[in-house]
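The file start-v1.pdb comes next; it holds PDB, C-alpha atoms.
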```
ATOM      1  CA  MET A 212    -123.197 -58.263  66.277
ATOM      2  CA  ASN A 213    -126.736 -58.898  65.066
ATOM      3  CA  LYS A 214    -128.978 -60.958  67.255
ATOM      4  CA  PHE A 215    -131.587 -63.351  65.819
ATOM      5  CA  SER A 216    -135.147 -63.109  67.057
ATOM      6  CA  PRO A 217    -136.597 -65.996  69.058
ATOM      7  CA  LEU A 218    -139.124 -66.631  66.247
ATOM      8  CA  PHE A 219    -136.363 -66.935  63.637
ATOM      9  CA  LEU A 220    -134.404 -69.341  65.855
ATOM     10  CA  SER A 221    -137.500 -71.511  66.337
ATOM     11  CA  ILE A 222    -138.161 -71.703  62.606
ATOM     12  CA  PHE A 223    -134.481 -72.440  61.947
ATOM     13  CA  SER A 224    -134.515 -75.315  64.470
ATOM     14  CA  ILE A 225    -137.595 -76.841  62.855
ATOM     15  CA  CYS A 226    -135.979 -76.674  59.403
ATOM     16  CA  LEU A 227    -132.843 -78.392  60.704
ATOM     17  CA  CYS A 228    -134.971 -81.131  62.206
ATOM     18  CA  LEU A 229    -136.835 -81.697  58.926
ATOM     19  CA  ILE A 230    -133.581 -81.824  56.982
ATOM     20  CA  SER A 231    -132.039 -84.348  59.380
ATOM     21  CA  CYS A 232    -135.153 -86.507  59.016
ATOM     22  CA  GLY A 233    -134.969 -86.416  55.254
ATOM     23  CA  GLY A 234    -137.810 -83.951  54.985
ATOM     24  CA  ASN A 235    -140.344 -86.705  55.666
ATOM     25  CA  THR A 236    -142.060 -86.998  59.040
ATOM     26  CA  GLU A 237    -143.900 -90.189  58.029
ATOM     27  CA  GLN A 238    -142.541 -93.254  59.789
ATOM     28  CA  ARG A 239    -140.890 -95.546  57.296
ATOM     29  CA  PRO A 240    -141.380 -99.292  57.629
ATOM     30  CA  LYS A 241    -138.562-101.296  59.156
ATOM     31  CA  PHE A 242    -138.093-104.276  56.874
ATOM     32  CA  VAL A 243    -137.532-107.749  58.257
ATOM     33  CA  LYS A 244    -135.166-109.336  55.776
ATOM     34  CA  SER A 245    -136.076-112.884  54.821
ATOM     35  CA  PRO A 246    -133.967-115.727  53.406
ATOM     36  CA  VAL A 247    -135.788-115.144  50.111
ATOM     37  CA  ASP A 248    -134.335-111.626  49.978
ATOM     38  CA  ASN A 249    -130.913-113.185  50.510
ATOM     39  CA  LEU A 250    -131.543-115.551  47.589
ATOM     40  CA  ILE A 251    -132.298-112.572  45.363
ATOM     41  CA  THR A 252    -128.858-111.215  46.214
ATOM     42  CA  LYS A 253    -127.172-114.600  45.853
ATOM     43  CA  TYR A 254    -128.590-115.192  42.375
ATOM     44  CA  ILE A 255    -128.488-111.604  41.192
ATOM     45  CA  ASP A 256    -126.635-112.672  38.029
ATOM     46  CA  LYS A 257    -129.258-115.302  37.132
ATOM     47  CA  ASN A 258    -132.020-114.245  34.734
ATOM     48  CA  ASP A 259    -134.286-117.260  35.257
ATOM     49  CA  TYR A 260    -134.954-119.202  38.449
ATOM     50  CA  THR A 261    -137.784-120.362  40.706
ATOM     51  CA  VAL A 262    -137.910-120.585  44.514
ATOM     52  CA  ILE A 263    -140.405-123.042  46.012
ATOM     53  CA  LEU A 264    -141.367-123.207  49.700
ATOM     54  CA  ALA A 265    -140.470-126.862  50.226
ATOM     55  CA  ASP A 266    -141.254-127.167  53.944
ATOM     56  CA  MET A 267    -141.919-125.143  57.096
ATOM     57  CA  ASP A 268    -141.813-125.732  60.850
ATOM     58  CA  TYR A 269    -142.012-124.161  64.299
ATOM     59  CA  ARG A 270    -139.668-125.119  67.155
ATOM     60  CA  GLU A 271    -141.737-124.659  70.268
ATOM     61  CA  ASP A 272    -138.813-125.274  72.643
ATOM     62  CA  ILE A 273    -136.905-122.241  71.331
ATOM     63  CA  ASP A 274    -139.864-120.277  69.918
ATOM     64  CA  LYS A 275    -138.491-119.997  66.361
ATOM     65  CA  TYR A 276    -139.937-120.403  62.872
ATOM     66  CA  TYR A 277    -138.219-122.131  59.948
ATOM     67  CA  HIS A 278    -138.455-122.609  56.185
ATOM     68  CA  LYS A 279    -136.839-124.897  53.638
ATOM     69  CA  TYR A 280    -136.565-123.808  50.011
ATOM     70  CA  ARG A 281    -136.067-125.573  46.710
ATOM     71  CA  ILE A 282    -134.421-123.483  43.973
ATOM     72  CA  LEU A 283    -134.622-124.353  40.274
ATOM     73  CA  LEU A 284    -131.916-122.574  38.303
ATOM     74  CA  GLN A 285    -132.145-122.470  34.532
ATOM     75  CA  GLU A 286    -128.576-123.015  33.423
ATOM     76  CA  SER A 287    -129.315-122.855  29.699
ATOM     77  CA  LYS A 288    -132.162-122.943  27.200
ATOM     78  CA  PRO A 289    -133.021-126.510  26.134
ATOM     79  CA  ASN A 290    -132.401-127.315  22.472
ATOM     80  CA  LEU A 291    -133.135-131.027  22.105
ATOM     81  CA  THR A 292    -134.575-133.354  19.494
ATOM     82  CA  ARG A 293    -137.902-135.138  19.987
ATOM     83  CA  GLU A 294    -136.035-138.367  20.711
ATOM     84  CA  GLN A 295    -133.907-136.686  23.362
ATOM     85  CA  LEU A 296    -136.939-135.063  24.993
ATOM     86  CA  ALA A 297    -138.779-138.391  25.173
ATOM     87  CA  ASP A 298    -135.833-140.236  26.735
ATOM     88  CA  THR A 299    -136.910-141.109  30.308
ATOM     89  CA  THR A 300    -133.455-142.500  31.149
ATOM     90  CA  ALA A 301    -131.651-139.211  30.469
ATOM     91  CA  GLN A 302    -131.205-136.533  33.100
ATOM     92  CA  ALA A 303    -131.884-132.891  32.299
ATOM     93  CA  THR A 304    -128.709-130.833  32.454
ATOM     94  CA  ASP A 305    -130.181-127.418  31.649
ATOM     95  CA  ILE A 306    -131.885-127.122  35.068
ATOM     96  CA  LYS A 307    -129.995-127.222  38.349
ATOM     97  CA  ILE A 308    -131.932-127.999  41.548
ATOM     98  CA  GLU A 309    -130.685-126.784  44.936
ATOM     99  CA  ASN A 310    -132.286-127.480  48.322
ATOM    100  CA  THR A 311    -131.598-125.378  51.399
ATOM    101  CA  ASP A 312    -131.331-126.587  54.973
ATOM    102  CA  TRP A 313    -133.731-125.251  57.579
ATOM    103  CA  VAL A 314    -133.389-121.467  57.759
ATOM    104  CA  GLU A 315    -134.905-119.272  60.450
ATOM    105  CA  VAL A 316    -137.591-116.767  59.428
ATOM    106  CA  SER A 317    -139.337-114.037  61.387
ATOM    107  CA  PRO A 318    -142.963-114.421  62.512
ATOM    108  CA  ILE A 319    -143.973-111.872  59.860
ATOM    109  CA  VAL A 320    -142.364-113.861  57.048
ATOM    110  CA  PHE A 321    -143.792-117.143  58.371
ATOM    111  CA  GLU A 322    -147.269-115.600  58.492
ATOM    112  CA  ASP A 323    -146.854-114.146  54.983
ATOM    113  CA  HIS A 324    -146.306-117.647  53.595
ATOM    114  CA  GLN A 325    -148.450-119.744  55.929
ATOM    115  CA  ASN A 326    -150.606-120.898  52.986
ATOM    116  CA  ASP A 327    -147.810-121.233  50.408
ATOM    117  CA  LEU A 328    -146.295-124.634  51.165
ATOM    118  CA  GLY A 329    -145.290-126.354  47.926
ATOM    119  CA  MET A 330    -145.791-123.182  45.904
ATOM    120  CA  THR A 331    -143.494-120.828  44.042
ATOM    121  CA  ILE A 332    -142.917-117.847  46.337
ATOM    122  CA  LEU A 333    -140.304-116.142  44.169
ATOM    123  CA  ASN A 334    -139.864-116.307  40.428
ATOM    124  CA  LYS A 335    -137.410-114.554  38.158
ATOM    125  CA  GLU A 336    -138.140-114.810  34.465
ATOM    126  CA  ASN A 337    -136.160-112.919  31.844
ATOM    127  CA  GLY A 338    -134.692-110.817  34.646
ATOM    128  CA  VAL A 339    -138.070-109.777  36.145
ATOM    129  CA  LEU A 340    -138.808-110.673  39.773
ATOM    130  CA  ASP A 341    -142.245-111.740  40.985
ATOM    131  CA  LYS A 342    -142.870-112.338  44.724
ATOM    132  CA  ASN A 343    -146.493-113.375  44.340
ATOM    133  CA  ALA A 344    -147.284-116.961  45.334
ATOM    134  CA  ALA A 345    -148.219-119.264  42.432
ATOM    135  CA  PRO A 346    -148.601-122.998  41.813
ATOM    136  CA  ALA A 347    -145.107-124.484  41.516
ATOM    137  CA  GLY A 348    -143.912-124.485  37.912
ATOM    138  CA  ALA A 349    -146.708-122.259  36.623
ATOM    139  CA  ASN A 350    -144.064-119.733  35.618
ATOM    140  CA  GLY A 351    -141.501-120.820  33.045
ATOM    141  CA  TYR A 352    -142.211-124.572  32.969
ATOM    142  CA  VAL A 353    -145.887-125.484  32.689
ATOM    143  CA  GLY A 354    -147.110-124.257  29.309
ATOM    144  CA  ASN A 355    -143.570-124.035  27.934
ATOM    145  CA  PRO A 356    -143.228-126.328  24.868
ATOM    146  CA  GLN A 357    -139.522-126.721  25.650
ATOM    147  CA  TYR A 358    -140.427-128.891  28.649
ATOM    148  CA  GLY A 359    -143.736-130.585  27.851
ATOM    149  CA  GLN A 360    -147.073-130.337  26.133
ATOM    150  CA  TRP A 361    -150.806-130.131  26.750
ATOM    151  CA  GLN A 362    -152.625-133.441  26.525
ATOM    152  CA  THR A 363    -156.293-134.354  26.680
ATOM    153  CA  HIS A 364    -158.106-136.611  29.131
ATOM    154  CA  SER A 365    -160.714-139.064  27.925
ATOM    155  CA  ASN A 366    -163.320-136.645  29.309
ATOM    156  CA  GLY A 367    -162.007-133.885  27.051
ATOM    157  CA  SER A 368    -160.257-131.783  29.702
ATOM    158  CA  SER A 369    -156.716-130.590  29.012
ATOM    159  CA  PHE A 370    -153.740-131.164  31.350
ATOM    160  CA  TRP A 371    -149.981-130.568  31.254
ATOM    161  CA  ALA A 372    -147.519-133.456  30.765
ATOM    162  CA  PHE A 373    -143.732-133.083  30.939
ATOM    163  CA  TYR A 374    -141.468-134.794  28.433
ATOM    164  CA  GLY A 375    -139.603-137.900  29.591
ATOM    165  CA  ARG A 376    -136.352-136.025  30.125
ATOM    166  CA  TYR A 377    -138.142-133.682  32.550
ATOM    167  CA  ARG A 378    -140.101-136.383  34.384
ATOM    168  CA  LEU A 379    -138.662-135.097  37.681
ATOM    169  CA  MET A 380    -140.762-131.963  37.240
ATOM    170  CA  SER A 381    -143.928-133.998  37.723
ATOM    171  CA  ASP A 382    -142.756-135.061  41.181
ATOM    172  CA  LEU A 383    -141.483-131.607  42.112
ATOM    173  CA  PHE A 384    -144.578-129.710  41.027
ATOM    174  CA  PHE A 385    -147.454-132.176  41.243
ATOM    175  CA  GLY A 386    -146.211-134.602  43.905
ATOM    176  CA  PRO A 387    -144.986-138.221  43.641
ATOM    177  CA  ARG A 388    -148.522-139.611  43.886
ATOM    178  CA  TYR A 389    -149.267-138.291  40.412
ATOM    179  CA  GLY A 390    -146.481-140.238  38.718
ATOM    180  CA  TYR A 391    -144.895-139.489  35.383
ATOM    181  CA  GLY A 392    -146.857-137.298  33.029
ATOM    182  CA  GLY A 393    -148.653-135.251  35.647
ATOM    183  CA  TYR A 394    -152.058-136.655  34.732
ATOM    184  CA  TYR A 395    -153.572-134.939  37.736
ATOM    185  CA  GLY A 396    -151.383-131.890  37.391
ATOM    186  CA  TYR A 397    -152.463-128.410  36.392
ATOM    187  CA  PRO A 398    -155.639-128.262  34.315
ATOM    188  CA  ARG A 399    -155.286-125.916  31.384
ATOM    189  CA  ASN A 400    -158.209-123.819  32.618
ATOM    190  CA  ASP A 401    -156.378-123.082  35.883
ATOM    191  CA  TRP A 402    -153.182-122.209  34.057
ATOM    192  CA  ASN A 403    -155.054-119.871  31.697
ATOM    193  CA  ASP A 404    -156.845-118.230  34.627
ATOM    194  CA  TYR A 405    -153.544-117.619  36.387
ATOM    195  CA  ARG A 406    -151.745-116.220  33.350
ATOM    196  CA  ARG A 407    -154.579-113.936  32.314
ATOM    197  CA  ASN A 408    -155.704-112.580  35.664
ATOM    198  CA  TYR A 409    -153.061-113.074  38.366
ATOM    199  CA  ARG A 410    -149.542-113.485  37.056
ATOM    200  CA  GLY A 411    -147.324-110.726  38.464
ATOM    201  CA  ARG A 412    -150.306-109.121  40.202
ATOM    202  CA  SER A 413    -151.377-111.195  43.176
ATOM    203  CA  ASP A 414    -151.183-114.600  44.838
ATOM    204  CA  TYR A 415    -153.050-117.435  43.115
ATOM    205  CA  TYR A 416    -154.369-120.586  44.788
ATOM    206  CA  GLY A 417    -156.523-121.947  41.983
ATOM    207  CA  ARG A 418    -160.153-121.513  41.060
ATOM    208  CA  ASN A 419    -161.089-123.824  43.945
ATOM    209  CA  ASN A 420    -158.239-122.960  46.335
ATOM    210  CA  GLN A 421    -156.683-126.337  45.597
ATOM    211  CA  TYR A 422    -153.033-125.213  45.596
ATOM    212  CA  GLY A 423    -150.830-124.350  48.546
ATOM    213  CA  THR A 424    -150.475-125.683  52.075
ATOM    214  CA  ARG A 425    -153.622-127.809  51.975
ATOM    215  CA  SER A 426    -152.716-129.418  48.667
ATOM    216  CA  LYS A 427    -152.202-133.181  48.586
ATOM    217  CA  THR A 428    -148.859-132.564  46.858
ATOM    218  CA  ASN A 429    -147.410-131.766  50.311
ATOM    219  CA  THR A 430    -147.896-135.310  51.641
ATOM    220  CA  ASN A 431    -144.197-135.917  52.282
ATOM    221  CA  THR A 432    -143.418-132.631  54.047
ATOM    222  CA  SER A 433    -142.655-132.557  57.755
ATOM    223  CA  TRP A 434    -145.317-129.867  58.195
ATOM    224  CA  ASN A 435    -148.000-132.077  56.702
ATOM    225  CA  LYS A 436    -147.179-134.764  59.266
ATOM    226  CA  LYS A 437    -147.809-132.437  62.205
ATOM    227  CA  PRO A 438    -151.090-132.916  64.106
ATOM    228  CA  ALA A 439    -153.880-130.429  63.504
ATOM    229  CA  SER A 440    -153.713-129.273  67.130
ATOM    230  CA  PHE A 441    -150.074-128.243  66.676
ATOM    231  CA  LYS A 442    -150.818-126.355  63.468
ATOM    232  CA  ASN A 443    -153.703-124.493  65.072
ATOM    233  CA  LYS A 444    -151.493-123.530  68.014
ATOM    234  CA  VAL A 445    -148.795-122.229  65.655
ATOM    235  CA  GLN A 446    -151.356-120.278  63.646
ATOM    236  CA  SER A 447    -152.501-118.465  66.769
ATOM    237  CA  LYS A 448    -148.939-117.961  68.031
ATOM    238  CA  VAL A 449    -147.547-116.546  64.791
ATOM    239  CA  ALA A 450    -150.491-114.159  64.425
ATOM    240  CA  GLN A 451    -149.763-112.672  67.852
ATOM    241  CA  SER A 452    -146.005-112.461  67.304
ATOM    242  CA  SER A 453    -146.394-110.941  63.837
ATOM    243  CA  SER A 454    -148.932-108.406  65.096
ATOM    244  CA  SER A 455    -146.555-107.349  67.866
ATOM    245  CA  LEU A 456    -143.744-106.720  65.379
ATOM    246  CA  LYS A 457    -146.028-104.821  63.016
ATOM    247  CA  SER A 458    -147.212-102.587  65.856
ATOM    248  CA  ARG A 459    -143.585-101.507  66.202
ATOM    249  CA  GLY A 460    -143.323-100.609  62.518
ATOM    250  CA  TYR A 461    -141.823-103.841  61.172
ATOM    251  CA  THR A 462    -142.882-105.473  57.919
ATOM    252  CA  SER A 463    -141.533-107.839  55.276
ATOM    253  CA  SER A 464    -140.790-106.773  51.733
ATOM    254  CA  LYS A 465    -143.654-109.011  50.551
ATOM    255  CA  SER A 466    -146.120-107.468  53.003
ATOM    256  CA  TYR A 467    -145.029-103.960  52.081
ATOM    257  CA  SER A 468    -145.274-104.611  48.339
ATOM    258  CA  LYS A 469    -148.951-105.495  48.753
ATOM    259  CA  THR A 470    -149.692-101.984  49.983
ATOM    260  CA  THR A 471    -147.678-100.108  47.379
ATOM    261  CA  ARG A 472    -147.702 -99.836  43.622
ATOM    262  CA  ASN A 473    -146.084-102.777  41.881
ATOM    263  CA  THR A 474    -143.356-101.380  39.649
ATOM    264  CA  ASN A 475    -142.500-104.440  37.578
ATOM    265  CA  ARG A 476    -143.707-105.081  34.067
ATOM    266  CA  PHE A 477    -147.028-106.485  35.337
ATOM    267  CA  SER A 478    -147.804-103.263  37.205
ATOM    268  CA  THR A 479    -151.533-103.525  37.845
ATOM    269  CA  SER A 480    -153.664-104.139  40.908
ATOM    270  CA  SER A 481    -155.876-107.126  41.448
ATOM    271  CA  THR A 482    -157.496-108.982  44.305
ATOM    272  CA  SER A 483    -156.570-112.643  44.467
ATOM    273  CA  ARG A 484    -159.149-115.353  44.788
ATOM    274  CA  GLY A 485    -159.849-116.482  48.337
ATOM    275  CA  ARG A 486    -156.691-117.600  50.057
ATOM    276  CA  SER A 487    -156.826-121.015  51.679
ATOM    277  CA  GLY A 488    -157.590-120.287  55.322
ATOM    278  CA  GLY A 489    -155.124-121.267  58.003
ATOM    279  CA  PHE A 490    -152.282-123.728  57.786
ATOM    280  CA  GLY A 491    -154.253-126.697  56.545
ATOM    281  CA  LYS A 492    -154.681-130.031  58.242
TER
END
```

If you took the structure in this file and wrote it as structure tokens, what would it be?
Amino acid sequence: MNKFSPLFLSIFSICLCLISCGGNTEQRPKFVKSPVDNLITKYIDKNDYTVILADMDYREDIDKYYHKYRILLQESKPNLTREQLADTTAQATDIKIENTDWVEVSPIVFEDHQNDLGMTILNKENGVLDKNAAPAGANGYVGNPQYGQWQTHSNGSSFWAFYGRYRLMSDLFFGPRYGYGGYYGYPRNDWNDYRRNYRGRSDYYGRNNQYGTRSKTNTNTSWNKKPASFKNKVQSKVAQSSSSLKSRGYTSSKSYSKTTRNTNRFSTSSTSRGRSGGFGK
């Protein structure tokens, strides 16, 4: 019976080890699944929907982080007359709005979205997913003549106004303080900047960082009502907790996607404008 040399046995053992490890010695990231990832699975058959970060919180007594989401599902394409679109007493039936209860998120996910309150954090349009944060409604609704139109201020600047049937969109996207018509909603210059330079590429908080957690549209959220001292404490706490998880190889799908090539139809790289610092006051 032939005997194998010690050198051959050593090489053979190394090969077996490489095969069992998939031939890749690089440590792969351990993903922390978020509720947003679960929503992707839940609505896998939907071609068009928007997920907005409606609220966020930290329970100090049990050391846990939470999110609330608002989901806008496009049930059908609107096909209405001008009279029907202008009717403020009618309720839109082509868009279904769902609100989640508080759902627990990991420190990594909470940190990922610490500046995204009130913003779209997941959008699916024509079957294409986009996890970059954007002003709520900037994808699919604002700029879409099926839902509203651009109007002009007395000073000549252009802004977006929803039709009467979609008046609820003004409250959802711009905040109740703006009232019907969204007169202080998205300026056309911001919308153009987002569509041309950021859509599908990176997070966008406006030319002056006016969107997101610090925005006045978040007046009625529970997070906005928290004292600044609490928010600062949470900011420090979540940074430590997230860093600890990352040191052990954990990451979220959003965090990981920022360090790898984007493979969707907007596959380009870009650096977003300055993100609003901290949680806001």

Best match for closeness to Tyr461 of chain A among A:Val449, A:Leu264, A:Ala303, A:Ile319, counting all atoms listed in the file: A:Ile319

List the residues matched by the PyMOL selection byres ((chain A and resi 441) around 12) in the displayed structure as a compact mmCIF listing (two decimals) with C-alpha atoms, in the frame of the given file, ordered by chain and then by residue number.
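Result saved to part.txt:
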```
# COMPACT_ATOMS: atom_id res chain seq x y z
CA ASP A 268 -141.81 -125.73 60.85
CA TYR A 269 -142.01 -124.16 64.30
CA ARG A 270 -139.67 -125.12 67.16
CA GLU A 271 -141.74 -124.66 70.27
CA TRP A 434 -145.32 -129.87 58.20
CA ASN A 435 -148.00 -132.08 56.70
CA LYS A 436 -147.18 -134.76 59.27
CA LYS A 437 -147.81 -132.44 62.20
CA PRO A 438 -151.09 -132.92 64.11
CA ALA A 439 -153.88 -130.43 63.50
CA SER A 440 -153.71 -129.27 67.13
CA LYS A 442 -150.82 -126.36 63.47
CA ASN A 443 -153.70 -124.49 65.07
CA LYS A 444 -151.49 -123.53 68.01
CA VAL A 445 -148.79 -122.23 65.66
CA GLN A 446 -151.36 -120.28 63.65
CA SER A 447 -152.50 -118.46 66.77
CA LYS A 448 -148.94 -117.96 68.03
CA PHE A 490 -152.28 -123.73 57.79
CA GLY A 491 -154.25 -126.70 56.54
CA LYS A 492 -154.68 -130.03 58.24
```

Centre and edges of the segment 336-345 of chain A box, axis-aligned, 3 Å extra per side, as JSON:
```
{"center_x": -141.5, "center_y": -114.5, "center_z": 38.6, "size_x": 19.5, "size_y": 15.5, "size_z": 19.5}
```

Pairwise distance for atom CA of Ala349 of chain A and atom CA of Met330 of chain A, rounded to one decimal in Å: 9.4 Å

Chain and number of each residue from the PyMOL selection byres ((chain A and resi 401) around 12), as a PyMOL selection string: chain A and resi 345-346+349+353-354+368-371+396-400+402-410+415-422

Residues within 12 Å of Val247 of chain A, only C-alpha atoms, excluding chain neighbours under 5 positions, as an NGL selection string: :A and (252-254 or 261-264 or 278-282 or 311 or 314-317 or 320-321 or 324 or 331-334 or 340-342 or 463-465)

Spatial neighbours of Thr299 of chain A, 12 Å, all atoms listed in the file, chain gap at least 6 places, as a list in words: Arg293, Phe373, Tyr374, Gly375, Arg376, Tyr377, Arg378, Leu379, Tyr391 and Gly392 of chain A

Pick from A:Asp259, A:Trp313, A:Ile273, A:Glu322 nearest to Ser453 of chain A, counting all atoms listed in the file: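 Between A:Asp259, A:Trp313, A:Ile273, A:Glu322, the residue approaching Ser453 of chain A most closely is A:Glu322.
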